[in-house]
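Below: the structure, in structure tokens.
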Amino acid sequence: QRQKTIAHCIKTFKTWSKQCPENFLGKLYFLEAEQAAAADDHERAHSKYTAAISLSREGGYILQHALANERAGKYFLKRGEKDLAYSYLNEAMAVYEKWGGKAKSEHLRNEVFRPSSSTTAPSSTPR
């Protein structure tokens, strides 16, 4: 059922993206990135996250820009690609703060950059 819902959403965003790419193409790429990440399609996930981040930045969609960076960062962290993950996550925190989401940025910082049993924090505090 979940895959049907995702496929339906992607199909809808493809239609909307053809009609108004400046509003919907970045969102479509984000959905496709999440789908590829869930399917363990690394190359496609990386490509789609990159495209989603770029289009959201260029379009001025601040929250979408932050969220795409956050999800990409968490995806790469899960894969063990810490340097790449921290780059995305630092960008997400900076964009959340620009948006006015200081609490969200701090929450993300505490979630990802504080030592726990599953991750190791980088040697220096981000930002």
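Ordering of the structure tokens sets the chain letters (A, B, ...), residue numbers begin anew at 1 in every chain, and ligands are numbered from 1 in the order given.
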**OP:** Just the residues within 9 Å of A:Gly59, please, counting only C-alpha atoms, with nothing from its chain fewer than 3 positions along; format it as a list in words.
**Re:** Glu22, Asn23, Gly26, Ser54, Leu55, Ser56 and Ile62 of chain A
Please dump the current selection as a compact mmCIF listing (two decimals), in the first residue's frame; keep C-alpha atoms.
# COMPACT_ATOMS: atom_id res chain seq x y z
CA GLU A 22 9.56 26.10 -11.05
CA ASN A 23 7.07 25.13 -8.34
CA GLY A 26 12.33 20.23 -6.95
CA SER A 54 19.84 22.71 -6.21
CA LEU A 55 16.35 23.53 -7.48
CA SER A 56 15.01 24.42 -4.04
CA ILE A 62 14.05 27.72 2.01
Subject >> Who sits within 12 Å of A:Leu84, only C-alpha atoms, same chain under 5 positions skipped, as a count of residues only >> reply: 16
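The space separating atom CA of A:Ala37 from atom CA of A:Lys104 comes to 23.0 Å.
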Original post:
Among chain A, which residues carry a DSSP assignment of helix (DSSP H, G or I), reported as a VMD selection string?
Top reply: chain A and resid 2 to 19 21 to 38 42 to 59 62 to 78 82 to 99 102 to 113
Which neighbours of A:Ala66 fall inside 6 Å, counting only C-alpha atoms, when residues of the same chain fewer than 3 positions from it are skipped, and could you give them as a PDB file with C-alpha atoms, in the first residue's frame?
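Output file result_36.pdb is given in full below:
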ATOM      1  CA  LEU A  63      12.238  25.037   4.001  1.00  0.00           C
ATOM      2  CA  ASN A  69      19.721  18.628   2.894  1.00  0.00           C
ATOM      3  CA  ALA A  92      20.524  21.940   6.596  1.00  0.00           C
ATOM      4  CA  VAL A  95      19.321  26.968   6.134  1.00  0.00           C
ATOM      5  CA  TYR A  96      16.929  26.152   8.997  1.00  0.00           C
TER       6      TYR A  96
END
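Among A:Arg114, A:His65, A:Arg71, A:His8, the residue with the shortest atom-to-atom distance to A:Glu97, counting only C-alpha atoms, is A:His65.
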Quick one: contact table of stretch 23-74 of chain A to stretch 9-14 of chain A, 12 Å max, nearest atom pair and distance in Å to one decimal per residue, counting only C-alpha atoms, chain and number order, as CSV?
residue,atom,partner,partner_atom,distance
A:Asn23,CA,A:Phe13,CA,10.0
A:Phe24,CA,A:Phe13,CA,6.5
A:Leu25,CA,A:Phe13,CA,7.5
A:Gly26,CA,A:Phe13,CA,9.7
A:Lys27,CA,A:Phe13,CA,7.5
A:Leu28,CA,A:Phe13,CA,5.5
A:Tyr29,CA,A:Ile10,CA,9.0
A:Phe30,CA,A:Ile10,CA,9.8
A:Leu31,CA,A:Ile10,CA,6.7
A:Glu32,CA,A:Ile10,CA,7.1
A:Ala33,CA,A:Ile10,CA,10.8
A:Glu34,CA,A:Ile10,CA,10.8
A:Gln35,CA,A:Ile10,CA,9.3
A:Ala36,CA,A:Ile10,CA,12.0
**OP:** Figure out the distance between atom CA of A:Ile53 and atom CA of A:Asn110, please, to one decimal in Å.
**Re:** 22.8 Å
Original post:
Of the candidates A:Leu67, A:Ile6, A:Ala52, A:Ala38, which one gets nearest to A:Ala94 if we count only C-alpha atoms?
Top reply: A:Leu67
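Put simply, atom CA of A:Arg109 is 15.2 Å away from atom CA of A:Asp83.
Between A:Tyr49 and the residues A:Thr15, A:Lys82, A:Tyr88, A:Glu111, the shortest atom-to-atom distance, using only C-alpha atoms, involves A:Tyr88.
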